[in-house]
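Below is one structure, written out as structure tokens; comments come after it.
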Amino acid sequence: MSSVGALPAGGLPLEPLPAPADERELLTGATDERALTAELLGKILQPPKWLGPAIVVTGAISSVLVFSVGYTLVTGIGVWGNDIPVAWAFAITNFVWWIGIGHAGTFISAFLLLFEQKWRTSINRFAEGMTLFALVQAGLFPLLHMGRPWFFYWLVPYPSTMAVWPQFRSSLTWDVAAVSTYLIVSVLFFYLGLLPDLAALRDFASERWRRRIYGIFALGWYGSAAAWRRHRIAYGLLAGLAAPLVVSVHSIVSMDFAIGILPGWHSTIFPPYFVAGAIYSGFAMVLTLLIPARRWYKLEHVVTTAHLDKMAKMLLVTGLVVSYSYAVETYAAWVGGDAFERRMQLAVRPFGPIGSIFWTVIACNCGTPLLLWSRRVRRSAATLFVLSLFIQVGMWLERFMLIVSSQSADFLPSSAHGYQPSIIDGAILVGTLGFFSFLFLVFLRFVPFIPVSELKALNHDLRARP
Amino acid sequence: MTSAPALWAEFDSAERAVAGARLLRARGLKRLDACSPYPLIELEDELGIERPSLIPKLVLLGASLGGTVAFCVIWWTAAVAYPLDVGGRPLNSVVADIPIVFELSVLGAALTTFTLCLGLSGMPRLSHPLEALEGFERTSIDRFWIGACDRGALDDAELAEQLQQLGALRIHRFVGSEAAREG
């Protein structure tokens with residue numbers, strides 16, 4: 001016991017440890033509970049002037065989606081640029097891109113909760129909302145890509161007079177299970193975290209109709225100690241359940257590729273590589289949404305520079321993992337001895353018909369994050385915003401390149417064929433961007449997008465420490 | 001949250017509320033309750049509700065149920081009801097079952113967690129009798145309430161006085177839903 005002889009006679013001092021300096025940075029300005037509530041809920045009860053027109057504009061862009069999807073349904077899937085051999089093209093690119101974006105939301109809310117990272121508190125609701133709306137866009141594409149989306153329920157095992165059942169050895173059915181589970185768990189996680197704030201909104205609003213509507217959605221939450229305890233246990237459990245989903249869902253999406261035998265797809269690196277790419281593009285999307293919102297909502301003291309700095313570090317890490325995956329993929333092809341794989345990785349992708357896309361991907365996904373080594377870049381909101389856009393473009397193009405290059409040039413030279421998207425393909429992509437923004441703005445209008453009760457708890461925690 | 005007759009004390013800070021709960025416990029009261037705008041672990045400790053929760057065990061059950069149902073459905077459809085030879089591969093290919101069995105286990109667990117969290121706390125509900133108490137709506141904003149539901153606590157004037165000395169803003173006597181509605 002001599003090594004701990006320096007301890008005071010009464011045992012370890014039970015004084016709480018002082019909060020680290022960077023935790024203090026996470027919440028500045030008003031720290032009185034009522035003022036904090038009034039400020040954050042006031043943003044819902046008295047929305048800023050720009051919000052209404054912004055909802056109208058994004059709603060108008062969403063109508064592009066309605067028209068282009070309607071046209072596809074009425075005329076047939078031939079209005080898209082897809083053909084054999086490039087049968088996936090835009091639809092699956094969009095699917096993988098949107099679902100990847102969702103992953104950062106779950107990463108922030110689940111992984112960072114389990115690791116007790118306090119900086120998740122101001123941004124988790126925001127990121128979870130992003131996840132849900134990205135999933136809505138993602139789900140649209142496999143459905144439409146089936147060609148006859150009104151028969152989507154054929155993928156679910158249900159007893160029918162035809163006595164035909166889905167083929168569960170096909171990765172398409174895995175996708176159905178993965179994506180629908182992910183959507184349901186994300187909704188439950190989001191809603192459970194939201195309950196106390198809906199109750200606060202119910203009790204804070206002055207109009208009767210608001211109190212009623214928020215009261216119904218708050219499901220009768222009154223913050224009793226036993227309810228808080230169950231809430232904490234359940235929230236922790238859901239975080240523990242959502243964390244493996246972050247890893248599994250994009251792994252399963254990557255298996256759509258990896259269990260195929262096409263050169264450039266048939267690789268064991270795909271699951272981790274896709275998961276890293278998903279979190280990478282998702283963090284970029286969080287920054288794209290958060291940077292303007294914190295400015296226009298004047299939330300700089302709640303979503304501080306410290307938050308941006310931490311998210312930028314996550315971008316840097318995941319960006320480096322993605323760059324490493326590109327390197328390993330190419331190296332494995334070089335030394336692997338498979339002539340088709342080597343041709344794909346070393347000739348078709350970098351120097352083939354879509355070689356310019358390959359180099360754009362490398363510039364956006366491997367070059368951009370290197371700037372984030374600089375602390376000044378990480379703490380500059382405007383620079384981060386621009387970088388996040390580059391990364392998102394890069395990640396979309398990456399999936400496009402993966403799909404089009406492998407499908408357009410497989411084993412037989414006679415089956416090689418290029419790909420040209422149609423205007424409807426472009427319209428659907430633009431439409432989902434509009435619809436995503438529309439849903440997100442509606443969320444900002446009606447839902448407490450900064451977790452008020454969690455911030456009050458953080459505030460209490462910071463105050464309790466010297 | 002109980003709706004039994006109780007003495008409720010309203011505080012404006014977490015620290016004072018915890019002190020109030022400590023007082024009630026020191027006086028030997030057993031049936032304590034509290035409401036707060038954010039979770040307070042210190043308060044839970046003082047109220048003595050720190051018993052192992054049933055939720056994790058039932059969630060494990062939910063997860064097992066989800067996974068088992070998934071496996072049985074896949075096995076029965078692929079190997080019994082609709083066997084389809086795909087290049088001579090095994091009909092019940094367990095490796096190919098892993099993704100779906102895993103996903104449905106997670107789904108079963110998540111649905112159980114959510115249902116238990118709400119159900120055990122008496123939710124969903126549209127209202128609660130305690131709402132009749134004046135100022136109760138501020139519990140979700142910045143007020144902390146401590147309640148003693150033990151027999152006799154309601155009429156204990158000395159207890160009320162002690163709570164006020166600890167900084168209670170107001171003492172509310174909640175005598176059950178009927179009486180509360182009257183006044």
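Residue numbers start at 1 in each chain; chains themselves are named A, B, ... in the order of the structure tokens; ligands are numbered from 1 in the order shown.
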For chain B, report every residue with an atom at most 6 Å from chain A (counting only C-alpha atoms), formatted as JSON, numbers by chain.
{"B": [1, 34, 35, 36, 38, 39, 96, 100, 103, 107, 113, 117, 121, 124, 125, 126, 127, 137, 140, 141, 142]}
Spatial neighbours of Trp334 in chain A, 10 Å, only C-alpha atoms, chain gap at least 6 places, as a PyMOL selection string
chain A and resi 328+341-343+345-346
Members of range 48-276 of chain A assigned helix (DSSP H, G or I) by DSSP, as a ChimeraX atom specification:
/A:51-75,77-79,89-114,118-120,124-145,149-155,171-204,208-217,225-258,270-276
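Closest approach to Ala26 in chain B among B:Gly176, B:Leu159, B:Gly87, B:Pro52 is made by B:Leu159 (distances from only C-alpha atoms).
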For a test of reading the model, state the distance in Å between CA of Met395 in chain A and CA of Phe115 in chain A, rounded to one decimal.
27.1 Å
So which residues touch Arg31 in chain B within 9 Å, counting only C-alpha atoms, skipping near sequence neighbours fewer than 5 positions away, as a compact mmCIF listing (two decimals) with N, CA and C atoms, in the first residue's frame?
```txt
# COMPACT_ATOMS: atom_id res chain seq x y z
N LEU B 47 -34.54 8.87 -2.92
CA LEU B 47 -35.90 8.32 -2.87
C LEU B 47 -35.88 6.81 -2.67
N GLY B 147 -42.71 14.45 -3.15
CA GLY B 147 -43.98 14.06 -2.52
C GLY B 147 -43.79 12.94 -1.52
N ALA B 148 -44.56 13.02 -0.42
CA ALA B 148 -44.56 11.93 0.57
C ALA B 148 -45.97 11.36 0.62
N CYS B 149 -46.11 10.08 0.28
CA CYS B 149 -47.43 9.47 0.21
C CYS B 149 -47.72 8.61 1.44
N ASP B 150 -46.82 8.60 2.42
CA ASP B 150 -47.05 7.75 3.59
C ASP B 150 -48.27 8.24 4.38
```
